[in-house]
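I have placed the structure first, in the form of structure tokens, so that the comments after it can refer back to it.
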Amino acid sequence: MSTNCQNSALFDGVTLGPLELRNRIVMAPMTRSRAPGGIPGEGMAKYYARRARSGVGLIITEGVSIDRPFALDDPNVPKLHGQGALSAWSQVVDAVHNEGGKIIPQLWHVGAFAGARSEWTEGERRVESPSGLQAPGHARGHAMTDADIQDTLWAYESAAKQAVALGFDGVEIHGAHGYLIDQFMWDQTNRRTDAFGGPDIASRMRFATEVVSAVRRAVPSEFPVLFRFSQFKQQDYDAKLARSPAELETMLLPLVDAGVTALHASQRRFWDPEFNGSNLNLAGWAKKISGLPSITVGSVGLSGDYISNRSTGAVSEPSSLDQLIERLEAGEFDLVAVGRALLMDPCWAEKVQDGREDELRPFDVSALAEYF
């Protein structure tokens, strides 16, 4: 394990717009499906509060549904609409703030994956996506009409307003991993010929940028708005939206212009270089191109990525943070999102800061079914 964590930049304070964070550790959003009927329970408040108490700088919640029919792939994923869910989230926010933490919700619409992990069969034709495609050659639901798109933009705007009213410290827009926004960005699931489609990534970015604009309209001018994106999709782990830095620039600069505060670049393994000829990872390129703060994520502190371990059932052991800290201190990225390691061990941040890496717990997929 690493021996230089305690005095590293990982524990330096950082700002996102006006938001002051005590360190650069971010709790990555991780879907748990532990909110029956979409309403967070008491366990969820305790779950997030424990991470805040142990010193996590910023908590990004699991994906939360905007107010749109068939926006979820599981009815036990939490919502950010309806009085019951909003009251429950208010308790979560208060619990995190009482521990000195900061918390933002991840706004989510799964697109053509809606209902995929449940028994939702009635009305499946109402499942919406850019072109009625869940994956290349896999039709599901219908292509969104102009009215569908405008109603969905309104739902994002409404969710952002609720986040402000509940006292959240910012919002993140989920534009990664093959869900709705990413389905618009990817040429394999966006076959539209109108203003929301086209043969190049610049054309297919319109929906994403309009979501950012809708959210930005709903929040105070300096309120942090993060955008999470990825190259890989659950439909295709080798997919690429941008095959060169120039294409990535074409993809990211419209988001900057629309008002994002920071970019959250999702990779399976943070140490993988994104393009030939450079060791920069995806977050490194995002920062270099956009000039905005970037968040790296992907198997931080663990051996093996989640996708590989899930398929084999293997346990992920704690691993060295040396390379991560070296890249952070070189300015490649600004914040570090920790997923499975922090899910398994709520005291991960304080153990690392105290030099107690030998006490870190390995990750087992069974942890997804438990609250720690």
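Just so we're on the same page: first chain in the structure tokens is A, next is B, and so on; residues restart at 1 for each chain, and ligands are numbered from 1 in the order they show up.
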For this session: Can you check which residues of region 84-234 of chain A DSSP gives as alpha helix (DSSP H) on the backbone and send them as a ChimeraX atom specification?
Result: /A:84-98,146-166,180-185,201-204,206-218
Identify, on the basis of only C-alpha atoms, every residue whose closest approach to Leu292 (chain A) does not exceed 12 Å; exclude the query and any residue fewer than 5 positions from it along the same chain; express the result as an mmCIF file with C-alpha atoms, in the first residue's frame.
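Output file result.cif is given in full below:
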```cif
data_model
loop_
_atom_site.group_PDB
_atom_site.id
_atom_site.type_symbol
_atom_site.label_atom_id
_atom_site.label_comp_id
_atom_site.auth_asym_id
_atom_site.auth_seq_id
_atom_site.Cartn_x
_atom_site.Cartn_y
_atom_site.Cartn_z
ATOM 1 C CA THR A 15 -13.352 24.591 -4.524
ATOM 2 C CA LEU A 16 -16.038 23.916 -7.112
ATOM 3 C CA GLY A 17 -17.418 27.325 -7.906
ATOM 4 C CA PRO A 224 -22.168 23.760 -9.022
ATOM 5 C CA VAL A 225 -23.409 21.715 -11.993
ATOM 6 C CA LEU A 226 -21.317 18.632 -12.719
ATOM 7 C CA PHE A 227 -21.566 16.474 -15.829
ATOM 8 C CA LEU A 252 -16.874 18.858 -24.290
ATOM 9 C CA LEU A 253 -16.720 22.543 -25.232
ATOM 10 C CA LEU A 255 -21.015 21.555 -22.286
ATOM 11 C CA VAL A 256 -18.651 24.249 -21.033
ATOM 12 C CA ASP A 257 -20.551 26.876 -22.979
ATOM 13 C CA GLY A 259 -22.592 26.172 -18.025
ATOM 14 C CA VAL A 260 -21.085 23.073 -16.420
ATOM 15 C CA THR A 261 -18.815 23.676 -13.428
ATOM 16 C CA ALA A 262 -16.786 20.453 -13.555
ATOM 17 C CA LEU A 263 -16.464 17.290 -15.632
ATOM 18 C CA HIS A 264 -16.630 13.809 -14.103
ATOM 19 C CA ALA A 265 -14.832 11.436 -16.477
ATOM 20 C CA ALA A 283 -10.189 13.172 -16.735
ATOM 21 C CA GLY A 284 -6.769 14.552 -17.622
ATOM 22 C CA TRP A 285 -7.847 15.264 -21.166
ATOM 23 C CA ALA A 286 -11.156 16.722 -19.959
ATOM 24 C CA LYS A 287 -9.295 19.215 -17.765
ATOM 25 C CA GLY A 331 -2.321 18.441 -11.822
ATOM 26 C CA GLU A 332 -3.697 15.859 -14.241
ATOM 27 C CA PHE A 333 -7.106 16.046 -12.516
ATOM 28 C CA ASP A 334 -8.507 17.825 -9.463
ATOM 29 C CA LEU A 335 -10.698 15.388 -7.553
#
```
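Shortest atom-to-atom contact with Leu166 (chain A) among A:Gln83, A:Gln188, A:Ser303, A:Ser316: A:Gln83, counting only C-alpha atoms.
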For this session: May I have all residues of region 17-189 of chain A that DSSP, computed from the backbone, assigns to strand (DSSP E or B), given as an MDAnalysis selection string?
Result: chainID A and resid 19:21 25:27 58:65 79 103:108 128:129 133:135 138:139 142:143 171:174 177
Problem set entry | A:Ala242, A:Ala195, A:Met44, A:Leu107 ranked by distance to Ser90 (chain A), top pick (using only C-alpha atoms) |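 Among A:Ala242, A:Ala195, A:Met44, A:Leu107, it is A:Met44 that comes nearest to Ser90 (chain A).
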For this session: Pick out the residues sitting within 8 Å of Trp271 (chain A), and hand them over as an NGL selection string; count only C-alpha atoms, and ignore anything fewer than 2 positions along from it in its own chain.
Result: :A and (269 or 273 or 281 or 323-324)
Go ahead and dump the residues you just picked, all heavy atoms, as a compact mmCIF listing (two decimals), in the first residue's frame.
```
# COMPACT_ATOMS: atom_id res chain seq x y z
N ARG A 269 -10.78 1.89 -15.38
CA ARG A 269 -9.51 1.91 -14.66
C ARG A 269 -8.89 3.30 -14.86
O ARG A 269 -8.54 3.67 -15.98
CB ARG A 269 -8.56 0.82 -15.19
CG ARG A 269 -9.09 -0.59 -14.98
CD ARG A 269 -8.28 -1.59 -15.77
NE ARG A 269 -8.49 -1.43 -17.21
CZ ARG A 269 -9.40 -2.10 -17.92
NH1 ARG A 269 -10.19 -2.97 -17.33
NH2 ARG A 269 -9.52 -1.90 -19.22
N PRO A 273 -4.40 5.22 -20.16
CA PRO A 273 -4.33 6.41 -21.01
C PRO A 273 -5.49 6.41 -22.00
O PRO A 273 -5.92 5.36 -22.46
CB PRO A 273 -2.98 6.27 -21.72
CG PRO A 273 -2.66 4.82 -21.67
CD PRO A 273 -3.28 4.29 -20.42
N ASN A 281 -5.17 10.36 -18.63
CA ASN A 281 -6.41 9.59 -18.65
C ASN A 281 -7.55 10.49 -19.13
O ASN A 281 -7.34 11.64 -19.54
CB ASN A 281 -6.68 8.95 -17.29
CG ASN A 281 -7.08 9.94 -16.21
OD1 ASN A 281 -7.23 11.14 -16.44
ND2 ASN A 281 -7.25 9.44 -14.99
N GLN A 323 0.25 5.81 -7.59
CA GLN A 323 0.11 6.38 -8.93
C GLN A 323 -0.98 7.44 -8.96
O GLN A 323 -0.84 8.48 -9.61
CB GLN A 323 -0.20 5.28 -9.96
CG GLN A 323 -0.30 5.83 -11.37
CD GLN A 323 -0.66 4.79 -12.41
OE1 GLN A 323 -0.90 5.14 -13.57
NE2 GLN A 323 -0.70 3.52 -12.05
N LEU A 324 -2.08 7.18 -8.25
CA LEU A 324 -3.17 8.15 -8.18
C LEU A 324 -2.67 9.47 -7.63
O LEU A 324 -2.93 10.55 -8.20
CB LEU A 324 -4.29 7.59 -7.29
CG LEU A 324 -5.46 8.55 -7.07
CD1 LEU A 324 -6.40 8.52 -8.25
CD2 LEU A 324 -6.21 8.21 -5.78
```
Problem set entry | Contacts of His97 (chain A) within 12 Å, only C-alpha atoms, excl. fewer than 2 positions in-chain, as a ChimeraX atom specification | /A:45-46,48-53,55-59,90-95,99-104,166-169
Take the residues that were just selected and, keeping N, CA and C atoms, output them as an mmCIF file, in the first residue's frame.
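Saved the output as selection18.cif:
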```cif
data_model
loop_
_atom_site.group_PDB
_atom_site.id
_atom_site.type_symbol
_atom_site.label_atom_id
_atom_site.label_comp_id
_atom_site.auth_asym_id
_atom_site.auth_seq_id
_atom_site.Cartn_x
_atom_site.Cartn_y
_atom_site.Cartn_z
ATOM 1 N N ALA A 45 -29.983 7.680 4.918
ATOM 2 C CA ALA A 45 -29.426 8.850 5.607
ATOM 3 C C ALA A 45 -28.211 8.446 6.423
ATOM 4 N N LYS A 46 -28.293 7.330 7.120
ATOM 5 C CA LYS A 46 -27.158 6.868 7.922
ATOM 6 C C LYS A 46 -25.979 6.477 7.027
ATOM 7 N N TYR A 48 -25.062 7.620 4.000
ATOM 8 C CA TYR A 48 -24.317 8.765 3.499
ATOM 9 C C TYR A 48 -23.659 9.542 4.647
ATOM 10 N N ALA A 49 -24.338 9.656 5.778
ATOM 11 C CA ALA A 49 -23.783 10.402 6.907
ATOM 12 C C ALA A 49 -22.499 9.758 7.419
ATOM 13 N N ARG A 50 -22.410 8.451 7.390
ATOM 14 C CA ARG A 50 -21.195 7.772 7.858
ATOM 15 C C ARG A 50 -20.001 8.145 6.985
ATOM 16 N N ARG A 51 -20.210 8.233 5.676
ATOM 17 C CA ARG A 51 -19.106 8.628 4.793
ATOM 18 C C ARG A 51 -18.702 10.076 5.046
ATOM 19 N N ALA A 52 -19.682 10.939 5.290
ATOM 20 C CA ALA A 52 -19.373 12.326 5.602
ATOM 21 C C ALA A 52 -18.594 12.417 6.911
ATOM 22 N N ARG A 53 -19.017 11.645 7.887
ATOM 23 C CA ARG A 53 -18.345 11.680 9.195
ATOM 24 C C ARG A 53 -16.898 11.207 9.096
ATOM 25 N N GLY A 55 -14.909 11.788 6.692
ATOM 26 C CA GLY A 55 -14.064 12.778 6.050
ATOM 27 C C GLY A 55 -14.160 12.892 4.553
ATOM 28 N N VAL A 56 -15.147 12.255 3.904
ATOM 29 C CA VAL A 56 -15.296 12.410 2.454
ATOM 30 C C VAL A 56 -15.602 13.870 2.127
ATOM 31 N N GLY A 57 -14.913 14.410 1.126
ATOM 32 C CA GLY A 57 -15.088 15.818 0.793
ATOM 33 C C GLY A 57 -16.418 16.124 0.140
ATOM 34 N N LEU A 58 -16.838 15.283 -0.801
ATOM 35 C CA LEU A 58 -18.084 15.497 -1.526
ATOM 36 C C LEU A 58 -18.746 14.158 -1.780
ATOM 37 N N ILE A 59 -20.027 14.071 -1.476
ATOM 38 C CA ILE A 59 -20.816 12.870 -1.750
ATOM 39 C C ILE A 59 -21.703 13.138 -2.957
ATOM 40 N N SER A 90 -34.635 15.339 2.147
ATOM 41 C CA SER A 90 -34.335 16.441 3.059
ATOM 42 C C SER A 90 -33.637 15.917 4.306
ATOM 43 N N GLN A 91 -34.064 14.754 4.788
ATOM 44 C CA GLN A 91 -33.436 14.152 5.967
ATOM 45 C C GLN A 91 -32.019 13.674 5.653
ATOM 46 N N VAL A 92 -31.824 13.154 4.435
ATOM 47 C CA VAL A 92 -30.487 12.726 4.024
ATOM 48 C C VAL A 92 -29.539 13.923 3.978
ATOM 49 N N VAL A 93 -29.999 15.006 3.358
ATOM 50 C CA VAL A 93 -29.162 16.213 3.252
ATOM 51 C C VAL A 93 -28.795 16.735 4.635
ATOM 52 N N ASP A 94 -29.777 16.798 5.519
ATOM 53 C CA ASP A 94 -29.509 17.284 6.874
ATOM 54 C C ASP A 94 -28.507 16.388 7.592
ATOM 55 N N ALA A 95 -28.644 15.079 7.422
ATOM 56 C CA ALA A 95 -27.738 14.142 8.102
ATOM 57 C C ALA A 95 -26.305 14.335 7.635
ATOM 58 N N GLU A 99 -22.809 16.268 9.684
ATOM 59 C CA GLU A 99 -21.486 15.661 9.831
ATOM 60 C C GLU A 99 -20.394 16.477 9.145
ATOM 61 N N GLY A 100 -20.753 17.678 8.691
ATOM 62 C CA GLY A 100 -19.777 18.544 8.052
ATOM 63 C C GLY A 100 -19.513 18.219 6.599
ATOM 64 N N GLY A 101 -20.374 17.397 5.986
ATOM 65 C CA GLY A 101 -20.167 16.978 4.611
ATOM 66 C C GLY A 101 -20.926 17.811 3.602
ATOM 67 N N LYS A 102 -20.621 17.581 2.327
ATOM 68 C CA LYS A 102 -21.320 18.197 1.207
ATOM 69 C C LYS A 102 -21.911 17.081 0.355
ATOM 70 N N ILE A 103 -23.091 17.330 -0.216
ATOM 71 C CA ILE A 103 -23.783 16.272 -0.950
ATOM 72 C C ILE A 103 -24.537 16.863 -2.139
ATOM 73 N N ILE A 104 -24.463 16.160 -3.273
ATOM 74 C CA ILE A 104 -25.209 16.560 -4.468
ATOM 75 C C ILE A 104 -25.887 15.327 -5.047
ATOM 76 N N LEU A 166 -34.079 21.696 -1.464
ATOM 77 C CA LEU A 166 -33.774 20.735 -0.407
ATOM 78 C C LEU A 166 -32.456 21.012 0.292
ATOM 79 N N GLY A 167 -31.677 21.937 -0.237
ATOM 80 C CA GLY A 167 -30.421 22.280 0.396
ATOM 81 C C GLY A 167 -29.220 21.502 -0.089
ATOM 82 N N PHE A 168 -29.369 20.762 -1.196
ATOM 83 C CA PHE A 168 -28.215 20.101 -1.783
ATOM 84 C C PHE A 168 -27.174 21.157 -2.161
ATOM 85 N N ASP A 169 -25.925 20.719 -2.260
ATOM 86 C CA ASP A 169 -24.818 21.636 -2.493
ATOM 87 C C ASP A 169 -24.447 21.786 -3.965
#
```
For this session: Might you pull out every residue within 9 Å of Ala71 (chain A), with only C-alpha atoms counted and same-chain residues fewer than 2 positions away left off, and present them as a count of residues only?
Result: 17
For this session: Compile the contact shell of region 210-219 of chain A as a ChimeraX atom specification: residues with an atom at most 9 Å away, counting only C-alpha atoms, same-chain residues fewer than 6 positions apart removed.
Result: /A:152-154,156-161,163-164,170-171,173,181,225,227,255,258-260
Output the selection as a short mmCIF file (atom, residue, chain, number, x, y, z; two decimals), in the first residue's frame - N, CA, C and O atoms for each residue.
```cif
data_model
loop_
_atom_site.label_atom_id
_atom_site.label_comp_id
_atom_site.auth_asym_id
_atom_site.auth_seq_id
_atom_site.Cartn_x
_atom_site.Cartn_y
_atom_site.Cartn_z
N THR A 152 -38.98 16.20 -21.13
CA THR A 152 -37.84 15.66 -20.40
C THR A 152 -36.91 16.76 -19.94
O THR A 152 -36.40 16.74 -18.81
N LEU A 153 -36.70 17.76 -20.78
CA LEU A 153 -35.89 18.91 -20.37
C LEU A 153 -36.54 19.62 -19.19
O LEU A 153 -35.86 20.04 -18.25
N TRP A 154 -37.84 19.74 -19.25
CA TRP A 154 -38.56 20.35 -18.11
C TRP A 154 -38.35 19.52 -16.85
O TRP A 154 -38.17 20.08 -15.75
N TYR A 156 -35.77 17.65 -16.02
CA TYR A 156 -34.43 17.94 -15.48
C TYR A 156 -34.42 19.28 -14.76
O TYR A 156 -33.84 19.43 -13.67
N GLU A 157 -35.05 20.28 -15.37
CA GLU A 157 -35.10 21.60 -14.75
C GLU A 157 -35.82 21.55 -13.41
O GLU A 157 -35.36 22.13 -12.41
N SER A 158 -36.93 20.82 -13.37
CA SER A 158 -37.69 20.69 -12.13
C SER A 158 -36.88 19.98 -11.05
O SER A 158 -36.90 20.39 -9.88
N ALA A 159 -36.15 18.94 -11.42
CA ALA A 159 -35.33 18.22 -10.45
C ALA A 159 -34.25 19.12 -9.88
O ALA A 159 -33.94 19.08 -8.68
N ALA A 160 -33.65 19.94 -10.73
CA ALA A 160 -32.62 20.87 -10.25
C ALA A 160 -33.21 21.88 -9.27
O ALA A 160 -32.58 22.21 -8.25
N LYS A 161 -34.41 22.37 -9.55
CA LYS A 161 -35.06 23.29 -8.63
C LYS A 161 -35.30 22.62 -7.28
O LYS A 161 -35.11 23.24 -6.21
N ALA A 163 -33.56 20.21 -6.01
CA ALA A 163 -32.27 20.04 -5.34
C ALA A 163 -31.88 21.31 -4.59
O ALA A 163 -31.39 21.25 -3.45
N VAL A 164 -32.10 22.45 -5.21
CA VAL A 164 -31.80 23.72 -4.54
C VAL A 164 -32.69 23.89 -3.32
O VAL A 164 -32.21 24.24 -2.22
N GLY A 170 -25.18 21.16 -4.85
CA GLY A 170 -24.94 21.18 -6.28
C GLY A 170 -25.74 20.06 -6.90
O GLY A 170 -26.56 19.41 -6.21
N VAL A 171 -25.54 19.81 -8.18
CA VAL A 171 -26.16 18.67 -8.85
C VAL A 171 -25.16 18.08 -9.83
O VAL A 171 -24.24 18.76 -10.30
N ILE A 173 -25.29 15.78 -13.47
CA ILE A 173 -26.10 15.23 -14.56
C ILE A 173 -25.43 13.95 -15.04
O ILE A 173 -24.24 13.95 -15.37
N ILE A 181 -28.96 10.30 -21.87
CA ILE A 181 -28.15 11.37 -22.47
C ILE A 181 -27.05 10.77 -23.33
O ILE A 181 -26.79 11.24 -24.45
N VAL A 225 -22.75 22.67 -11.11
CA VAL A 225 -23.41 21.71 -11.99
C VAL A 225 -22.32 20.84 -12.61
O VAL A 225 -21.51 21.32 -13.39
N PHE A 227 -21.09 17.33 -14.74
CA PHE A 227 -21.57 16.47 -15.83
C PHE A 227 -20.68 15.24 -15.87
O PHE A 227 -19.46 15.34 -16.01
N LEU A 255 -20.58 21.69 -23.67
CA LEU A 255 -21.02 21.56 -22.29
C LEU A 255 -20.48 22.70 -21.44
O LEU A 255 -21.17 23.22 -20.56
N ALA A 258 -22.49 25.68 -22.14
CA ALA A 258 -23.84 25.57 -21.56
C ALA A 258 -23.83 25.82 -20.06
O ALA A 258 -24.89 26.04 -19.47
N GLY A 259 -22.65 25.77 -19.43
CA GLY A 259 -22.59 26.17 -18.02
C GLY A 259 -22.18 25.13 -17.02
O GLY A 259 -22.44 25.31 -15.82
N VAL A 260 -21.53 24.04 -17.43
CA VAL A 260 -21.08 23.07 -16.42
C VAL A 260 -19.94 23.66 -15.59
O VAL A 260 -19.16 24.49 -16.07
#
```
Problem set entry | Pick from A:Asn276, A:Ser244, A:Ser299, A:Ser294, whichever lies nearest to Leu328 (chain A) using only C-alpha atoms |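 Ranking A:Asn276, A:Ser244, A:Ser299, A:Ser294 by distance to Leu328 (chain A), first place goes to A:Ser294.
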For this session: Give me, please, the distance in Å between CA of Glu222 (chain A) and CA of Met185 (chain A), quoted to one decimal.
Result: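 Atom-to-atom, CA of Glu222 (chain A) to CA of Met185 (chain A), that is 26.5 Å.
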